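target.tsv, holding TSV, C-alpha atoms:
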chain	number	residue	atom	x	y	z
A	1	MET	CA	-24.49	-46.19	-17.79
A	2	GLU	CA	-27.18	-43.80	-18.96
A	3	SER	CA	-29.15	-44.41	-15.74
A	4	GLY	CA	-26.13	-43.75	-13.53
A	5	PRO	CA	-23.43	-45.95	-11.98
A	6	PRO	CA	-24.32	-49.52	-10.87
A	7	ASP	CA	-25.22	-50.19	-7.28
A	8	VAL	CA	-22.31	-51.47	-5.18
A	9	GLN	CA	-24.57	-53.07	-2.57
A	10	PRO	CA	-24.62	-56.51	-4.30
A	11	LEU	CA	-20.82	-56.36	-4.51
A	12	ARG	CA	-20.63	-55.55	-0.81
A	13	GLU	CA	-22.83	-58.51	0.05
A	14	ALA	CA	-20.75	-60.84	-2.12
A	15	LEU	CA	-17.48	-59.75	-0.52
A	16	GLU	CA	-18.92	-60.11	2.96
A	17	ARG	CA	-20.13	-63.67	2.16
A	18	GLU	CA	-16.72	-64.70	0.81
A	19	PRO	CA	-14.00	-63.67	3.28
A	20	ALA	CA	-11.43	-65.60	1.23
A	21	LEU	CA	-11.76	-63.13	-1.65
A	22	ARG	CA	-8.93	-60.74	-0.86
A	23	ARG	CA	-8.59	-58.99	-4.23
A	24	LEU	CA	-11.14	-57.22	-6.41
A	25	MET	CA	-10.41	-56.90	-10.12
A	26	PHE	CA	-12.46	-56.32	-13.26
A	27	ASP	CA	-12.50	-57.92	-16.68
A	28	THR	CA	-12.72	-54.98	-19.11
A	29	ALA	CA	-11.61	-56.77	-22.27
A	30	GLY	CA	-14.97	-56.30	-23.93
A	31	LEU	CA	-15.43	-52.71	-22.74
A	32	THR	CA	-15.55	-50.42	-25.78
A	33	ALA	CA	-17.07	-47.20	-24.42
A	34	TRP	CA	-17.62	-45.76	-20.97
A	35	SER	CA	-18.62	-42.52	-19.32
A	36	SER	CA	-17.82	-40.74	-16.08
A	37	GLY	CA	-20.44	-42.86	-14.32
A	38	LEU	CA	-18.11	-45.85	-14.62
A	39	ILE	CA	-15.36	-43.86	-12.85
A	40	VAL	CA	-17.80	-43.09	-10.03
A	41	PHE	CA	-18.56	-46.83	-9.76
A	42	PHE	CA	-14.87	-47.73	-9.64
A	43	LEU	CA	-14.26	-45.12	-6.93
A	44	GLN	CA	-17.12	-46.55	-4.89
A	45	CYS	CA	-15.65	-50.00	-5.30
A	46	ARG	CA	-12.26	-48.77	-4.16
A	47	ASP	CA	-13.82	-47.18	-1.04
A	48	LEU	CA	-15.65	-50.45	-0.37
A	49	CYS	CA	-12.39	-52.40	-0.56
A	50	VAL	CA	-10.78	-50.00	1.88
A	51	THR	CA	-13.69	-50.42	4.28
A	52	LEU	CA	-13.63	-54.25	4.07
A	53	ASN	CA	-9.82	-54.47	4.08
A	54	ARG	CA	-9.60	-55.88	0.55
A	55	VAL	CA	-7.22	-55.05	-2.30
A	56	PHE	CA	-8.61	-53.03	-5.20
A	57	ASP	CA	-6.70	-53.97	-8.36
A	58	ARG	CA	-7.09	-51.29	-11.02
A	59	ALA	CA	-4.40	-52.61	-13.33
A	60	SER	CA	-7.02	-54.23	-15.56
A	61	LEU	CA	-8.97	-51.01	-15.97
A	62	PRO	CA	-8.65	-48.92	-19.16
A	63	ALA	CA	-5.68	-46.56	-19.14
A	64	GLY	CA	-7.94	-43.51	-19.38
A	65	ALA	CA	-9.99	-44.70	-16.41
A	66	GLN	CA	-6.83	-45.22	-14.37
A	67	ARG	CA	-5.64	-41.69	-15.08
A	68	LEU	CA	-9.01	-40.20	-14.16
A	69	MET	CA	-9.03	-42.14	-10.89
A	70	GLU	CA	-5.54	-40.88	-10.08
A	71	LEU	CA	-6.65	-37.29	-10.69
A	72	ALA	CA	-9.80	-37.79	-8.61
A	73	THR	CA	-7.90	-39.23	-5.65
A	74	ALA	CA	-4.83	-36.98	-5.82
A	75	GLY	CA	-4.46	-34.52	-2.94
A	76	PRO	CA	-2.80	-31.08	-3.01
A	77	ALA	CA	0.93	-31.14	-3.66
A	78	ASN	CA	1.66	-28.77	-0.80
A	79	PRO	CA	-1.21	-28.76	1.68
A	80	PRO	CA	-1.53	-25.42	3.44
A	81	ALA	CA	-0.11	-25.26	6.91
A	82	PRO	CA	-2.77	-25.15	9.59
A	83	THR	CA	-3.31	-21.69	10.91
A	84	VAL	CA	-3.66	-21.19	14.62
A	85	GLU	CA	-6.21	-18.59	15.50
A	86	PRO	CA	-5.24	-16.52	18.52
A	87	GLY	CA	-7.47	-17.24	21.46
A	88	PHE	CA	-8.33	-15.10	24.42
A	89	ASN	CA	-4.88	-15.46	25.97
A	90	LEU	CA	-3.42	-11.97	26.26
A	91	VAL	CA	0.13	-13.30	26.11
A	92	GLU	CA	-0.68	-15.17	22.90
A	93	LYS	CA	-2.27	-12.08	21.37
A	94	ALA	CA	0.70	-9.96	22.38
A	95	GLY	CA	3.02	-12.48	20.73
A	96	VAL	CA	1.03	-12.48	17.50
A	97	VAL	CA	1.01	-8.66	17.44
A	98	GLY	CA	4.73	-8.55	18.20
A	99	LEU	CA	5.56	-10.98	15.41
A	100	GLY	CA	3.44	-8.95	13.01
A	101	LEU	CA	5.21	-5.74	13.98
A	102	ALA	CA	8.61	-7.42	13.60
A	103	GLU	CA	7.72	-8.66	10.10
A	104	ALA	CA	6.41	-5.23	9.12
A	105	ALA	CA	9.56	-3.54	10.45
A	106	GLN	CA	11.75	-5.98	8.54
A	107	ALA	CA	9.79	-5.38	5.32
A	108	ASN	CA	10.07	-1.60	5.78
A	109	VAL	CA	13.82	-1.76	6.39
A	110	ASN	CA	14.33	-4.02	3.37
A	111	PHE	CA	12.32	-1.67	1.17
A	112	LEU	CA	14.24	1.36	2.43
A	113	GLY	CA	17.53	-0.42	1.76
A	114	GLU	CA	16.47	-1.34	-1.78
A	115	CYS	CA	15.47	2.27	-2.46
A	116	THR	CA	18.83	3.48	-1.15
A	117	LEU	CA	20.67	1.06	-3.42
A	118	ALA	CA	18.50	2.18	-6.34
A	119	LEU	CA	19.38	5.81	-5.59
A	120	GLY	CA	23.06	4.90	-5.59
A	121	ARG	CA	22.70	3.20	-8.97
A	122	TRP	CA	20.92	6.29	-10.31
A	123	LEU	CA	23.68	8.58	-9.10
A	124	ARG	CA	26.22	6.35	-10.88
A	125	GLY	CA	24.12	6.39	-14.05
A	126	ARG	CA	23.17	2.70	-13.84
A	127	SER	CA	19.52	3.01	-12.92
A	128	ILE	CA	16.91	2.27	-15.59
A	129	PHE	CA	13.82	4.44	-15.92
A	130	ARG	CA	12.43	6.61	-18.69
A	131	ARG	CA	12.84	10.36	-18.55
A	132	GLN	CA	9.37	10.78	-20.03
A	133	ASP	CA	7.94	8.98	-17.01
A	134	ALA	CA	9.91	11.18	-14.63
A	135	TRP	CA	8.64	14.38	-16.30
A	136	TRP	CA	5.08	13.07	-16.32
A	137	LEU	CA	5.29	12.18	-12.63
A	138	ALA	CA	6.75	15.61	-11.84
A	139	GLN	CA	3.80	17.20	-13.60
A	140	GLN	CA	1.35	15.03	-11.68
A	141	CYS	CA	3.04	15.82	-8.36
A	142	GLY	CA	3.63	19.51	-9.08
A	143	ALA	CA	1.59	21.48	-11.59
A	144	ASN	CA	-1.56	19.37	-11.29
A	145	ALA	CA	-1.54	19.76	-7.49
A	146	LEU	CA	-1.41	23.57	-7.54
A	147	PRO	CA	-5.20	24.18	-7.42
A	148	ILE	CA	-5.89	22.07	-4.33
A	149	VAL	CA	-2.75	23.33	-2.59
A	150	ALA	CA	-3.73	26.92	-3.31
A	151	LEU	CA	-7.26	26.36	-2.00
A	152	ILE	CA	-6.17	24.71	1.26
A	153	ALA	CA	-3.26	27.11	1.87
A	154	GLY	CA	-5.42	30.17	1.20
A	155	LEU	CA	-8.12	28.98	3.58
A	156	THR	CA	-5.49	28.15	6.21
A	157	GLY	CA	-4.11	31.69	5.96
A	158	LEU	CA	-7.62	33.12	6.23
A	159	ILE	CA	-8.37	31.07	9.35
A	160	LEU	CA	-5.09	31.96	11.06
A	161	ALA	CA	-5.57	35.65	10.33
A	162	PHE	CA	-9.18	35.62	11.50
A	163	VAL	CA	-8.38	33.85	14.79
A	164	GLY	CA	-5.38	36.09	15.34
A	165	SER	CA	-7.32	39.26	14.64
A	166	VAL	CA	-10.00	38.35	17.16
A	167	GLN	CA	-7.53	37.58	19.93
A	168	LEU	CA	-4.84	40.20	19.24
A	169	GLY	CA	-7.44	42.90	18.66
A	170	ARG	CA	-8.33	42.76	22.36
A	171	PHE	CA	-4.85	44.01	23.22
A	172	GLY	CA	-4.55	46.55	20.42
A	173	ALA	CA	-1.89	44.44	18.70
A	174	SER	CA	-3.65	43.80	15.42
A	175	ILE	CA	-0.48	44.52	13.44
A	176	TYR	CA	1.02	41.30	14.79
A	177	VAL	CA	-1.49	39.28	12.81
A	178	ALA	CA	1.06	39.48	9.99
A	179	ASP	CA	3.71	37.92	12.27
A	180	LEU	CA	1.34	35.15	13.34
A	181	VAL	CA	0.30	34.23	9.81
A	182	ALA	CA	3.79	34.42	8.32
A	183	ILE	CA	5.60	32.42	11.02
A	184	ALA	CA	2.86	29.82	11.41
A	185	LEU	CA	2.69	29.20	7.66
A	186	VAL	CA	6.41	29.21	6.93
A	187	ARG	CA	7.43	27.07	9.90
A	188	GLU	CA	4.51	24.68	10.32
A	189	MET	CA	1.26	24.96	8.43
A	190	GLY	CA	2.56	25.48	4.91
A	191	CYS	CA	4.71	22.34	4.74
A	192	LEU	CA	2.37	20.30	6.96
A	193	MET	CA	-0.81	21.00	5.02
A	194	THR	CA	0.98	20.48	1.71
A	195	ALA	CA	2.32	17.13	2.91
A	196	ILE	CA	-1.11	15.96	4.06
A	197	ILE	CA	-2.65	17.03	0.74
A	198	MET	CA	0.04	15.22	-1.22
A	199	CYS	CA	-0.32	12.13	0.95
A	200	GLY	CA	-4.05	11.92	0.27
A	201	ARG	CA	-3.66	12.82	-3.38
A	202	THR	CA	-0.30	11.59	-4.69
A	203	GLY	CA	0.61	8.94	-2.12
A	204	ALA	CA	-2.74	7.24	-2.64
A	205	ALA	CA	-2.27	7.44	-6.42
A	206	PHE	CA	1.17	5.81	-6.14
A	207	ALA	CA	-0.24	2.98	-4.03
A	208	ALA	CA	-3.15	2.43	-6.43
A	209	GLN	CA	-0.94	2.47	-9.52
A	210	LEU	CA	1.67	0.08	-8.17
A	211	GLY	CA	-0.98	-2.09	-6.52
A	212	THR	CA	-2.84	-2.48	-9.80
A	213	MET	CA	0.39	-3.39	-11.56
A	214	LYS	CA	1.10	-5.95	-8.85
A	215	ALA	CA	-2.39	-7.43	-9.16
A	216	ASN	CA	-2.06	-7.63	-12.96
A	217	GLN	CA	1.38	-9.32	-12.63
A	218	GLU	CA	3.05	-6.49	-14.52
A	219	MET	CA	5.83	-6.34	-11.93
A	220	ASP	CA	6.54	-10.01	-12.54
A	221	ALA	CA	6.94	-9.14	-16.21
A	222	PHE	CA	9.49	-6.44	-15.30
A	223	THR	CA	11.45	-8.98	-13.28
A	224	VAL	CA	11.36	-11.52	-16.12
A	225	PHE	CA	12.81	-8.92	-18.50
A	226	GLY	CA	15.57	-8.07	-16.02
A	227	ILE	CA	14.17	-4.65	-15.00
A	228	ALA	CA	14.18	-3.89	-11.30
A	229	PRO	CA	10.71	-2.57	-10.25
A	230	ILE	CA	12.34	-0.40	-7.57
A	231	ASP	CA	14.49	1.37	-10.17
A	232	PHE	CA	11.83	1.66	-12.85
A	233	LEU	CA	8.73	2.42	-10.76
A	234	VAL	CA	9.61	3.57	-7.24
A	235	LEU	CA	12.69	5.74	-7.76
A	236	PRO	CA	11.20	8.20	-10.29
A	237	ARG	CA	8.14	8.71	-8.08
A	238	VAL	CA	10.20	9.46	-5.00
A	239	LEU	CA	12.52	11.80	-6.93
A	240	ALA	CA	9.55	13.64	-8.44
A	241	LEU	CA	8.14	14.28	-4.96
A	242	LEU	CA	11.53	15.36	-3.62
A	243	VAL	CA	11.75	18.02	-6.32
A	244	MET	CA	8.15	19.20	-6.29
A	245	MET	CA	7.32	19.21	-2.58
A	246	PRO	CA	9.61	22.14	-1.61
A	247	LEU	CA	8.28	24.15	-4.53
A	248	LEU	CA	4.69	23.42	-3.52
A	249	THR	CA	5.55	24.40	0.05
A	250	VAL	CA	6.87	27.80	-1.06
A	251	PHE	CA	3.75	28.27	-3.19
A	252	ALA	CA	1.53	27.34	-0.21
A	253	ASP	CA	3.39	29.85	2.01
A	254	LEU	CA	2.82	32.68	-0.45
A	255	VAL	CA	-0.85	31.87	-1.00
A	256	GLY	CA	-1.44	31.52	2.74
A	257	ILE	CA	0.21	34.86	3.46
A	258	ALA	CA	-1.96	36.40	0.75
A	259	GLY	CA	-5.05	34.93	2.42
A	260	GLY	CA	-4.01	36.40	5.74
A	261	PHE	CA	-3.44	39.76	4.07
A	262	ALA	CA	-7.00	39.71	2.72
A	263	VAL	CA	-8.42	39.28	6.21
A	264	ALA	CA	-6.10	41.90	7.71
A	265	MET	CA	-7.00	44.41	5.02
A	266	PHE	CA	-10.78	44.04	5.28
A	267	MET	CA	-11.14	43.41	9.02
A	268	LEU	CA	-8.23	45.33	10.58
A	269	ASP	CA	-7.90	48.22	8.13
A	270	LEU	CA	-4.19	47.49	7.67
A	271	SER	CA	-2.58	48.80	4.52
A	272	ALA	CA	-0.70	46.54	2.13
A	273	PHE	CA	2.57	48.33	2.95
A	274	GLU	CA	2.14	47.84	6.71
A	275	TYR	CA	1.28	44.16	6.33
A	276	TRP	CA	4.20	43.57	3.97
A	277	GLN	CA	6.70	45.37	6.20
A	278	GLU	CA	5.62	43.44	9.28
A	279	THR	CA	5.76	40.15	7.39
A	280	VAL	CA	9.29	40.82	6.16
A	281	ARG	CA	10.37	41.85	9.65
A	282	ALA	CA	8.95	38.69	11.22
A	283	LEU	CA	10.47	36.23	8.76
A	284	SER	CA	14.10	35.22	8.46
A	285	LEU	CA	16.12	32.79	6.40
A	286	THR	CA	16.16	30.37	9.33
A	287	GLN	CA	12.37	30.40	9.59
A	288	PHE	CA	12.08	29.84	5.86
A	289	SER	CA	14.65	27.01	5.86
A	290	THR	CA	12.89	25.03	8.58
A	291	GLY	CA	9.81	24.67	6.40
A	292	LEU	CA	11.86	23.56	3.40
A	293	VAL	CA	13.76	20.95	5.45
A	294	LYS	CA	10.48	19.58	6.71
A	295	SER	CA	9.03	19.50	3.20
A	296	VAL	CA	11.91	17.31	1.98
A	297	ALA	CA	11.40	14.88	4.86
A	298	PHE	CA	7.65	14.82	4.27
A	299	ALA	CA	8.23	14.17	0.56
A	300	LEU	CA	10.28	11.09	1.44
A	301	ILE	CA	7.56	9.87	3.78
A	302	VAL	CA	4.77	10.34	1.24
A	303	GLY	CA	6.70	8.77	-1.63
A	304	LEU	CA	8.07	5.80	0.30
A	305	THR	CA	4.84	4.92	2.11
A	306	GLY	CA	2.77	5.14	-1.06
A	307	CYS	CA	5.18	3.01	-3.07
A	308	LEU	CA	5.72	0.54	-0.22
A	309	ARG	CA	2.02	-0.15	0.18
A	310	GLY	CA	1.68	-0.51	-3.57
A	311	MET	CA	4.54	-3.02	-3.71
A	312	GLN	CA	3.01	-4.97	-0.80
A	313	CYS	CA	-0.40	-5.16	-2.48
A	314	GLY	CA	-2.05	-8.52	-3.05
A	315	THR	CA	-3.30	-9.95	-6.32
A	316	ASN	CA	-6.98	-9.00	-6.18
A	317	ALA	CA	-9.03	-5.84	-6.52
A	318	ALA	CA	-9.81	-5.61	-2.81
A	319	SER	CA	-6.09	-5.54	-2.01
A	320	VAL	CA	-5.66	-2.43	-4.16
A	321	GLY	CA	-8.22	-0.53	-2.09
A	322	GLN	CA	-6.65	-1.74	1.14
A	323	ALA	CA	-3.19	-0.71	-0.03
A	324	THR	CA	-4.45	2.77	-0.95
A	325	THR	CA	-6.13	3.27	2.41
A	326	SER	CA	-3.09	1.98	4.26
A	327	ALA	CA	-0.80	4.32	2.31
A	328	VAL	CA	-2.84	7.39	3.29
A	329	VAL	CA	-3.22	6.41	6.95
A	330	THR	CA	0.43	5.41	7.35
A	331	GLY	CA	1.69	8.48	5.51
A	332	ILE	CA	-0.32	10.99	7.53
A	333	THR	CA	0.63	9.27	10.78
A	334	TRP	CA	4.34	9.41	10.02
A	335	ILE	CA	4.06	13.01	8.84
A	336	ILE	CA	2.62	14.06	12.19
A	337	VAL	CA	5.24	12.03	14.06
A	338	ALA	CA	8.04	13.54	11.97
A	339	ASP	CA	6.69	17.05	12.55
A	340	ALA	CA	6.71	16.45	16.30
A	341	VAL	CA	10.30	15.18	16.12
A	342	PHE	CA	11.33	18.27	14.15
A	343	ALA	CA	9.66	20.48	16.75
A	344	VAL	CA	11.73	18.89	19.52
A	345	ILE	CA	14.96	19.07	17.51
A	346	PHE	CA	14.47	22.71	16.54
A	347	ASN	CA	13.64	23.57	20.12
A	348	VAL	CA	16.84	21.92	21.37
A	349	LEU	CA	18.87	23.71	18.70
A	350	GLY	CA	17.21	27.02	19.56
A	351	ILE	CA	15.80	27.53	16.06
Rewrite the structure of this file - the entire thing - as structure tokens.
Amino acid sequence: MESGPPDVQPLREALEREPALRRLMFDTAGLTAWSSGLIVFFLQCRDLCVTLNRVFDRASLPAGAQRLMELATAGPANPPAPTVEPGFNLVEKAGVVGLGLAEAAQANVNFLGECTLALGRWLRGRSIFRRQDAWWLAQQCGANALPIVALIAGLTGLILAFVGSVQLGRFGASIYVADLVAIALVREMGCLMTAIIMCGRTGAAFAAQLGTMKANQEMDAFTVFGIAPIDFLVLPRVLALLVMMPLLTVFADLVGIAGGFAVAMFMLDLSAFEYWQETVRALSLTQFSTGLVKSVAFALIVGLTGCLRGMQCGTNAASVGQATTSAVVTGITWIIVADAVFAVIFNVLGI
């Protein structure tokens, strides 16, 4: 066997000359040692018997050789179902897209229901997660996000004040720059920019963290130990965002108003007292509350989308990157949609 398996051609010729030979069997009584080349020869003989409609009897073969032949000829236990690639039929493509949307909607509703049940268990004191994790997540979502929120909010206030000063200055109404900056930041830009920042920063981090845990089968370990991943991983992240997002929104409003004040003071020669008085006159509790209500809704969107994409992540490194990207895109999209819905609702209510 050192030169490879024997040639089966002589065996083929012998079987073709003797049609009466219906069974092929081997005498291996004197066989003391064999290699994988013998298994290759036996497999070739079996294929030859199938071709010539003969019976291959492997009962006389060594037990080890029989097991190796069974492994070599065994097929998959559950062969994958054939996938049908969508063709150029528009109806077929629309059906595939519709089924995908239905599955995604079902997964989103199931995840939202599980989070709601987890929140109920937490309110009853039956949810399991560590307080140290909750405090750490609150720090990551709150204090560590202050620099980037301050930078973006300050620049937003500067831009609003600059644009307003150029346009309102033509009508001699420069004092109303304070109204423009205050109302725009408190009602719209403060909560919206904060939500987008947190979606790109914290929502992506949530998706990457949970996706990595899913790829490393850590979530399976939680399930084995009887710990619900929704309770232990998702709930503290969503609660941390719910607490920190309104506070970050208030901080962004103040920094943005300060940025607008800097432009008004250096470009419009407005005094600090005049700017402050006009800002206080323009704002009201209703204006302030609208931004806070939006910030709570945006916090839910950022937390749920980030955690959902992380929980839906696959088991390889590429899936983690895809989950992170999907979390950011989905989160920002739903933030804009929710802001538009709030605008319509507040307009109908006269707020």
Between A:Glu218, A:Asp57, A:Asp47, A:Asp253, which one has atoms that come closest to Gly154 (chain A), using only C-alpha atoms?
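Looking at the shortest contact to Gly154 (chain A), the residue is A:Asp253.
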Dump as CSV the rows for residues of region 198-237 of chain A within 12 Å of region 300-310 of chain A: closest atom pair and distance in Å with one decimal, only C-alpha atoms counted, ordered by chain and rising residue number.
residue,atom,partner,partner_atom,distance
A:Met198,CA,A:Val302,CA,7.2
A:Cys199,CA,A:Val302,CA,5.4
A:Gly200,CA,A:Val302,CA,9.0
A:Arg201,CA,A:Val302,CA,9.9
A:Thr202,CA,A:Val302,CA,7.9
A:Gly203,CA,A:Gly306,CA,4.5
A:Ala204,CA,A:Gly306,CA,6.1
A:Ala205,CA,A:Gly306,CA,7.7
A:Phe206,CA,A:Gly306,CA,5.4
A:Ala207,CA,A:Gly310,CA,4.0
A:Ala208,CA,A:Gly310,CA,6.3
A:Gln209,CA,A:Gly310,CA,7.2
A:Leu210,CA,A:Gly310,CA,4.6
A:Gly211,CA,A:Gly310,CA,4.3
A:Thr212,CA,A:Gly310,CA,7.9
A:Met213,CA,A:Gly310,CA,8.6
A:Lys214,CA,A:Gly310,CA,7.6
A:Ala215,CA,A:Gly310,CA,9.8
A:Met219,CA,A:Gly310,CA,11.0
A:Pro229,CA,A:Cys307,CA,10.6
A:Ile230,CA,A:Cys307,CA,9.1
A:Asp231,CA,A:Cys307,CA,11.8
A:Phe232,CA,A:Cys307,CA,11.9
A:Leu233,CA,A:Cys307,CA,8.5
A:Val234,CA,A:Cys307,CA,6.1
A:Leu235,CA,A:Gly303,CA,9.1
A:Pro236,CA,A:Gly303,CA,9.8
A:Arg237,CA,A:Gly303,CA,6.6
Please write the residues from the selection above to a file, keeping C-alpha atoms, as a compact mmCIF listing (two decimals), in the coordinates of the input.
# COMPACT_ATOMS: atom_id res chain seq x y z
CA MET A 198 0.04 15.22 -1.22
CA CYS A 199 -0.32 12.13 0.95
CA GLY A 200 -4.05 11.92 0.27
CA ARG A 201 -3.66 12.82 -3.38
CA THR A 202 -0.30 11.59 -4.69
CA GLY A 203 0.61 8.94 -2.12
CA ALA A 204 -2.74 7.24 -2.64
CA ALA A 205 -2.27 7.44 -6.42
CA PHE A 206 1.17 5.81 -6.14
CA ALA A 207 -0.24 2.98 -4.03
CA ALA A 208 -3.15 2.43 -6.43
CA GLN A 209 -0.94 2.47 -9.52
CA LEU A 210 1.67 0.08 -8.17
CA GLY A 211 -0.98 -2.09 -6.52
CA THR A 212 -2.84 -2.48 -9.80
CA MET A 213 0.39 -3.39 -11.56
CA LYS A 214 1.10 -5.95 -8.85
CA ALA A 215 -2.39 -7.43 -9.16
CA MET A 219 5.83 -6.34 -11.93
CA PRO A 229 10.71 -2.57 -10.25
CA ILE A 230 12.34 -0.40 -7.57
CA ASP A 231 14.49 1.37 -10.17
CA PHE A 232 11.83 1.66 -12.85
CA LEU A 233 8.73 2.42 -10.76
CA VAL A 234 9.61 3.57 -7.24
CA LEU A 235 12.69 5.74 -7.76
CA PRO A 236 11.20 8.20 -10.29
CA ARG A 237 8.14 8.71 -8.08
Name all residues at most 12 Å from Ala184 (chain A) (count only C-alpha atoms; drop same-chain ones fewer than 2 positions away) and give them as number ranges by chain.
A: 153, 156-157, 159-161, 164, 177-182, 186-193, 252-253, 256-257, 260, 279, 282-283, 287-288, 290-291
What is the CA of Cys45 (chain A)-CA of Arg58 (chain A) distance in Å, reported with one decimal?
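Atom-to-atom, CA of Cys45 (chain A) to CA of Arg58 (chain A), that is 10.4 Å.
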Just how far from CA of Thr28 (chain A) is CA of Leu48 (chain A), in Å to one decimal?
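Distance between the two atoms: 19.5 Å.
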List the neighbours of Ala59 (chain A) out to 10 Å using only C-alpha atoms; skip same-chain residues closer than 4 positions along the sequence, and give me the result as a PyMOL selection string.
chain A and resi 25-26+63+66
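Minimum atom-to-atom distance to Asp339 (chain A), evaluated using all atoms listed in the file, belongs to A:Ile196 out of A:Phe261, A:Gly120, A:Met244, A:Ile196.
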Would you kindly identify which residues have an atom no farther than 12 Å from (15.5, 2.5, -20.1), using only C-alpha atoms and the file's own coordinates, and write them out as a list in words?
Trp122, Gly125, Arg126, Ser127, Ile128, Phe129, Arg130, Arg131, Gln132, Asp133, Ala134, Phe222, Phe225, Gly226, Ile227, Ala228, Asp231, Phe232 and Leu233 of chain A
What does the distance between CA of Gln9 (chain A) and CA of Phe41 (chain A) come to in Å, to one decimal place?
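Taking CA of Gln9 (chain A) and CA of Phe41 (chain A), their separation equals 11.3 Å.
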Using all atoms listed in the file, which residue out of A:Asn216, A:Glu70, A:Leu158, A:Lys294 lies closest to Ile345 (chain A)?
A:Lys294
Have a look at A:Ala264, A:Ile351, A:Leu24, A:Val293 and name the one nearest to Ser165 (chain A); count all atoms listed in the file.
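Between A:Ala264, A:Ile351, A:Leu24, A:Val293, the residue approaching Ser165 (chain A) most closely is A:Ala264.
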Quick one: of A:Leu112, A:Cys313, A:Val50, A:Ile39, who's nearest to Arg67 (chain A), counting only C-alpha atoms?
A:Ile39
